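Shown next: upload.cif, containing mmCIF, C-alpha atoms and all ligand atoms.
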```cif
data_run
#
loop_
_atom_site.group_PDB
_atom_site.id
_atom_site.type_symbol
_atom_site.label_atom_id
_atom_site.label_comp_id
_atom_site.auth_asym_id
_atom_site.auth_seq_id
_atom_site.Cartn_x
_atom_site.Cartn_y
_atom_site.Cartn_z
ATOM 1 C CA MET A 1 -11.382 -16.777 -3.858
ATOM 2 C CA TYR A 2 -8.513 -17.208 -1.512
ATOM 3 C CA CYS A 3 -5.048 -18.643 -2.044
ATOM 4 C CA GLU A 4 -3.861 -20.523 1.010
ATOM 5 C CA ARG A 5 -0.293 -20.370 -0.139
ATOM 6 C CA CYS A 6 0.039 -16.602 -0.603
ATOM 7 C CA HIS A 7 -2.863 -15.508 1.594
ATOM 8 C CA ARG A 8 -4.143 -13.472 -1.274
ATOM 9 C CA LEU A 9 -7.632 -12.591 -2.268
ATOM 10 C CA THR A 10 -8.482 -12.712 -5.912
ATOM 11 C CA GLU A 11 -11.527 -12.654 -8.085
ATOM 12 C CA GLU A 12 -9.957 -15.176 -10.410
ATOM 13 C CA GLU A 13 -10.087 -18.929 -10.211
ATOM 14 C CA VAL A 14 -6.307 -19.042 -10.337
ATOM 15 C CA CYS A 15 -3.975 -17.228 -7.981
ATOM 16 C CA PRO A 16 -2.328 -14.362 -9.887
ATOM 17 C CA GLU A 17 0.641 -14.600 -7.550
ATOM 18 C CA CYS A 18 1.630 -18.249 -7.578
ATOM 19 C CA GLY A 19 -0.645 -19.789 -10.178
ATOM 20 C CA LYS A 20 -2.262 -22.128 -7.700
ATOM 21 C CA ARG A 21 -5.491 -23.453 -9.115
ATOM 22 C CA SER A 22 -7.297 -24.997 -6.218
ATOM 23 C CA LEU A 23 -8.402 -21.811 -4.575
ATOM 24 C CA ARG A 24 -11.133 -21.868 -2.003
ATOM 25 C CA PRO A 25 -13.648 -19.336 -0.773
ATOM 26 C CA VAL A 26 -12.259 -17.114 1.905
ATOM 27 C CA LYS A 27 -13.242 -17.459 5.548
ATOM 28 C CA GLU A 28 -13.751 -14.665 8.030
ATOM 29 C CA ASP A 29 -10.569 -15.356 9.930
ATOM 30 C CA ASP A 30 -8.276 -16.120 7.035
ATOM 31 C CA PRO A 31 -5.214 -13.904 7.074
ATOM 32 C CA CYS A 32 -5.323 -11.839 3.918
ATOM 33 C CA PHE A 33 -2.428 -10.100 2.291
ATOM 34 C CA VAL A 34 -2.920 -6.338 2.396
ATOM 35 C CA LEU A 35 0.344 -5.053 1.037
ATOM 36 C CA SER A 36 4.065 -5.262 1.383
ATOM 37 C CA THR A 37 6.088 -2.206 2.092
ATOM 38 C CA GLY A 38 9.186 -0.905 3.770
ATOM 39 C CA GLN A 39 9.589 -0.700 7.484
ATOM 40 C CA ILE A 40 8.587 2.932 7.849
ATOM 41 C CA TRP A 41 5.267 2.487 6.133
ATOM 42 C CA ALA A 42 4.682 -0.852 7.754
ATOM 43 C CA ASP A 43 5.186 0.638 11.204
ATOM 44 C CA MET A 44 2.916 3.506 10.405
ATOM 45 C CA ILE A 45 0.134 1.338 9.060
ATOM 46 C CA CYS A 46 0.405 -1.062 11.974
ATOM 47 C CA ASP A 47 0.078 1.889 14.276
ATOM 48 C CA VAL A 48 -3.180 2.954 12.691
ATOM 49 C CA LEU A 49 -4.452 -0.614 12.607
ATOM 50 C CA ASN A 50 -3.781 -0.778 16.305
ATOM 51 C CA GLN A 51 -5.696 2.409 16.873
ATOM 52 C CA ASN A 52 -8.623 0.936 15.008
ATOM 53 C CA GLY A 53 -8.482 -2.314 16.897
ATOM 54 C CA ILE A 54 -7.684 -4.355 13.820
ATOM 55 C CA PRO A 55 -5.623 -7.468 14.448
ATOM 56 C CA PHE A 56 -2.812 -7.936 11.980
ATOM 57 C CA LEU A 57 0.233 -9.968 11.199
ATOM 58 C CA LYS A 58 3.461 -8.364 10.122
ATOM 59 C CA GLN A 59 5.943 -10.573 8.447
ATOM 60 C CA GLY A 60 9.431 -9.666 7.365
ATOM 61 C CA ARG A 61 9.913 -11.033 3.927
ATOM 62 C CA MET A 62 13.639 -10.890 3.520
ATOM 63 C CA GLY A 63 15.601 -13.533 5.342
ATOM 64 C CA ALA A 64 19.197 -13.139 6.455
ATOM 65 C CA GLY A 65 20.417 -15.001 3.403
ATOM 66 C CA MET A 66 18.581 -12.704 1.079
ATOM 67 C CA ALA A 67 19.904 -9.620 2.808
ATOM 68 C CA MET A 68 23.420 -10.908 2.379
ATOM 69 C CA LEU A 69 22.850 -11.606 -1.275
ATOM 70 C CA THR A 70 21.591 -8.168 -2.080
ATOM 71 C CA GLY A 71 23.802 -6.366 0.390
ATOM 72 C CA ILE A 72 20.904 -4.103 1.180
ATOM 73 C CA PRO A 73 19.672 -4.244 4.738
ATOM 74 C CA LEU A 74 16.297 -3.118 3.634
ATOM 75 C CA GLU A 75 13.562 -5.346 4.803
ATOM 76 C CA THR A 76 10.166 -5.552 3.248
ATOM 77 C CA TYR A 77 7.233 -6.325 5.471
ATOM 78 C CA SER A 78 4.074 -8.005 4.391
ATOM 79 C CA LEU A 79 0.938 -7.167 6.294
ATOM 80 C CA TYR A 80 -1.936 -9.562 6.737
ATOM 81 C CA VAL A 81 -5.260 -9.041 8.446
ATOM 82 C CA PRO A 82 -8.207 -11.370 8.968
ATOM 83 C CA TYR A 83 -10.631 -11.237 6.088
ATOM 84 C CA SER A 84 -13.272 -9.784 8.377
ATOM 85 C CA HIS A 85 -11.089 -6.674 8.664
ATOM 86 C CA PHE A 86 -9.615 -6.737 5.209
ATOM 87 C CA GLU A 87 -11.586 -3.942 3.580
ATOM 88 C CA GLN A 88 -10.999 -1.671 6.508
ATOM 89 C CA ALA A 89 -7.282 -2.359 6.619
ATOM 90 C CA LYS A 90 -6.975 -1.908 2.894
ATOM 91 C CA GLU A 91 -8.628 1.472 3.090
ATOM 92 C CA ILE A 92 -6.348 2.546 5.884
ATOM 93 C CA ALA A 93 -3.269 1.412 4.033
ATOM 94 C CA ASP A 94 -4.383 3.037 0.802
ATOM 95 C CA SER A 95 -5.231 6.326 2.426
ATOM 96 C CA LEU A 96 -1.903 6.437 4.243
ATOM 97 C CA ILE A 97 0.194 5.545 1.263
ATOM 98 C CA ALA A 98 -1.745 7.675 -1.170
ATOM 99 C CA GLU A 99 -1.024 10.717 0.926
ATOM 100 C CA PRO A 100 -0.074 13.511 -1.425
ATOM 101 C CA GLY A 101 3.317 15.125 -1.185
ATOM 102 C CA SER A 102 5.192 12.119 0.077
ATOM 103 C CA GLU A 103 7.337 11.186 -2.824
ATOM 104 C CA GLU A 104 9.279 8.011 -2.709
ATOM 105 C CA ASP A 105 12.810 9.183 -2.918
ATOM 106 C CA GLY A 106 14.728 7.015 -0.589
ATOM 107 C CA ALA A 107 14.894 6.349 3.105
ATOM 108 C CA THR A 108 15.706 9.854 4.202
ATOM 109 C CA GLU A 109 12.179 10.767 5.102
ATOM 110 C CA GLU A 110 11.983 9.201 8.513
ATOM 111 C CA GLU A 111 11.665 12.494 10.288
ATOM 112 C CA ALA A 112 8.792 13.601 8.131
ATOM 113 C CA PHE A 113 6.485 10.960 9.464
ATOM 114 C CA GLU A 114 4.462 11.839 12.490
ATOM 115 C CA PRO A 115 1.994 9.025 12.978
ATOM 116 C CA ASP A 116 0.879 10.337 16.324
ATOM 117 C CA GLU A 117 -1.919 12.750 16.052
ATOM 118 C CA GLU A 118 -1.004 15.093 18.778
ATOM 119 C CA ALA A 119 -3.448 17.696 19.861
ATOM 120 C CA GLU A 120 -1.014 20.508 19.477
ATOM 121 C CA GLU A 121 -2.577 22.856 17.071
ATOM 122 C CA GLU A 122 -0.038 24.962 15.351
ATOM 123 C CA GLU A 123 -2.011 27.257 13.208
ATOM 124 C CA GLU A 124 -0.344 27.220 9.870
ATOM 125 C CA GLU A 125 -3.312 27.831 7.726
ATOM 126 C CA GLU A 126 -2.219 31.044 6.169
HETATM 127 ZN ZN ZN A 201 -1.042 -18.022 -4.461
#
```
As structure tokens, what does this structure read like?
Amino acid sequence: MYCERCHRLTEEEVCPECGKRSLRPVKEDDPCFVLSTGQIWADMICDVLNQNGIPFLKQGRMGAGMAMLTGIPLETYSLYVPYSHFEQAKEIADSLIAEPGSEEDGATEEEAFEPDEEAEEEEEEE
């Protein structure tokens, strides 16, 4: 089922996110919530979605008011893709984020991310 309010897919009759009860079956072009994440990950995932020709919607969740309240200029982005591409996008996001060795220890890792697969082969196998 699909919650029109949160754009979430669920197997339940009630939205686990907002408790909405009148869920409806999802349609092919419904925007579906994939995940929310920080800007670095969001950019990276969007990049791969682009490469795969998957249309998506990136929405900053934190408004100016919220940022002022928390004092943290850290924006969270929610990614949505049409249901027809949902499984694919989910897999991409999962495989990127599940990458081993990238511990979440703050925002100092920007340089470690190289989303571009460049054909420079530096042989570091040994
Ligand atoms: Zn909902």
Would you mind listing what lies within 10 Å of range 26-39 of chain A as a ChimeraX atom specification, with all atoms listed in the file counted and same-chain residues fewer than 5 positions away left out? /A:1-4,6-10,44-45,55-61,74-87,89-91,93-94,97,107
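The spacing separating CA of Trp41 in chain A from CA of Arg5 in chain A amounts to 24.3 Å.
CA of Gly53 in chain A sits 16.7 Å away from CA of Leu96 in chain A.
The coordinates place CA of Ile54 in chain A at 14.2 Å from CA of Ala42 in chain A.
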Between A:Asn52, A:Ser22, A:Gln88, A:Ser95, single out the one closest to ligand ZN 201 (chain A), counting only C-alpha atoms and all ligand atoms. A:Ser22
With all atoms listed in the file as the atoms that count, which of A:Cys46, A:Cys15, A:Gln51, A:Ala98 lies nearest to ligand ZN 201 (chain A)?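 Going through A:Cys46, A:Cys15, A:Gln51, A:Ala98 one by one, the smallest distance to ligand ZN 201 (chain A) is for A:Cys15.
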Box time for range 6-16 of chain A: axis-aligned, enclosing all its listed atoms, 8 Å extra on each side; report centre and edge lengths in Å to one decimal, as JSON.
```
{"center_x": -5.7, "center_y": -15.8, "center_z": -4.4, "size_x": 27.6, "size_y": 22.5, "size_z": 28.0}
```
Pick from A:Leu49, A:Ile92, A:Val14, A:Ile40, whichever lies nearest to ligand ZN 201 (chain A) using all atoms listed in the file: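 Ranked by minimum distance to ligand ZN 201 (chain A), first place goes to A:Val14.
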Distance criterion (all atoms listed in the file): nearest to ligand ZN 201 (chain A) out of A:Glu11, A:Val48, A:Lys20, A:Pro25: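 When distances to ligand ZN 201 (chain A) are compared using all atoms listed in the file, the smallest one comes from A:Lys20.
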As a PDB file, in the coordinates of the input, the rebuilt range 76-88 of chain A with N, CA and C atoms:
```pdb
ATOM      1  N   THR A  76      11.537  -5.815   3.675  1.00  0.00           N
ATOM      2  CA  THR A  76      10.166  -5.552   3.248  1.00  0.00           C
ATOM      3  C   THR A  76       9.224  -6.330   4.148  1.00  0.00           C
ATOM      4  N   TYR A  77       8.201  -5.668   4.612  1.00  0.00           N
ATOM      5  CA  TYR A  77       7.233  -6.325   5.471  1.00  0.00           C
ATOM      6  C   TYR A  77       5.926  -6.542   4.734  1.00  0.00           C
ATOM      7  N   SER A  78       5.390  -7.718   4.931  1.00  0.00           N
ATOM      8  CA  SER A  78       4.074  -8.005   4.391  1.00  0.00           C
ATOM      9  C   SER A  78       3.064  -7.946   5.531  1.00  0.00           C
ATOM     10  N   LEU A  79       1.968  -7.291   5.275  1.00  0.00           N
ATOM     11  CA  LEU A  79       0.938  -7.167   6.294  1.00  0.00           C
ATOM     12  C   LEU A  79      -0.264  -8.023   5.930  1.00  0.00           C
ATOM     13  N   TYR A  80      -0.747  -8.738   6.917  1.00  0.00           N
ATOM     14  CA  TYR A  80      -1.936  -9.562   6.737  1.00  0.00           C
ATOM     15  C   TYR A  80      -2.948  -9.214   7.820  1.00  0.00           C
ATOM     16  N   VAL A  81      -4.198  -9.208   7.443  1.00  0.00           N
ATOM     17  CA  VAL A  81      -5.260  -9.041   8.446  1.00  0.00           C
ATOM     18  C   VAL A  81      -6.321 -10.101   8.175  1.00  0.00           C
ATOM     19  N   PRO A  82      -7.099 -10.431   9.198  1.00  0.00           N
ATOM     20  CA  PRO A  82      -8.207 -11.370   8.968  1.00  0.00           C
ATOM     21  C   PRO A  82      -9.158 -10.807   7.925  1.00  0.00           C
ATOM     22  N   TYR A  83      -9.749 -11.685   7.160  1.00  0.00           N
ATOM     23  CA  TYR A  83     -10.631 -11.237   6.088  1.00  0.00           C
ATOM     24  C   TYR A  83     -11.735 -10.323   6.612  1.00  0.00           C
ATOM     25  N   SER A  84     -12.189 -10.594   7.805  1.00  0.00           N
ATOM     26  CA  SER A  84     -13.272  -9.784   8.377  1.00  0.00           C
ATOM     27  C   SER A  84     -12.866  -8.316   8.513  1.00  0.00           C
ATOM     28  N   HIS A  85     -11.564  -8.056   8.541  1.00  0.00           N
ATOM     29  CA  HIS A  85     -11.089  -6.674   8.664  1.00  0.00           C
ATOM     30  C   HIS A  85     -10.368  -6.193   7.405  1.00  0.00           C
ATOM     31  N   PHE A  86     -10.444  -7.009   6.386  1.00  0.00           N
ATOM     32  CA  PHE A  86      -9.615  -6.737   5.209  1.00  0.00           C
ATOM     33  C   PHE A  86      -9.932  -5.394   4.547  1.00  0.00           C
ATOM     34  N   GLU A  87     -11.209  -5.170   4.273  1.00  0.00           N
ATOM     35  CA  GLU A  87     -11.586  -3.942   3.580  1.00  0.00           C
ATOM     36  C   GLU A  87     -11.133  -2.711   4.356  1.00  0.00           C
ATOM     37  N   GLN A  88     -11.351  -2.787   5.636  1.00  0.00           N
ATOM     38  CA  GLN A  88     -10.999  -1.671   6.508  1.00  0.00           C
ATOM     39  C   GLN A  88      -9.489  -1.414   6.486  1.00  0.00           C
TER      40      GLN A  88
END
```
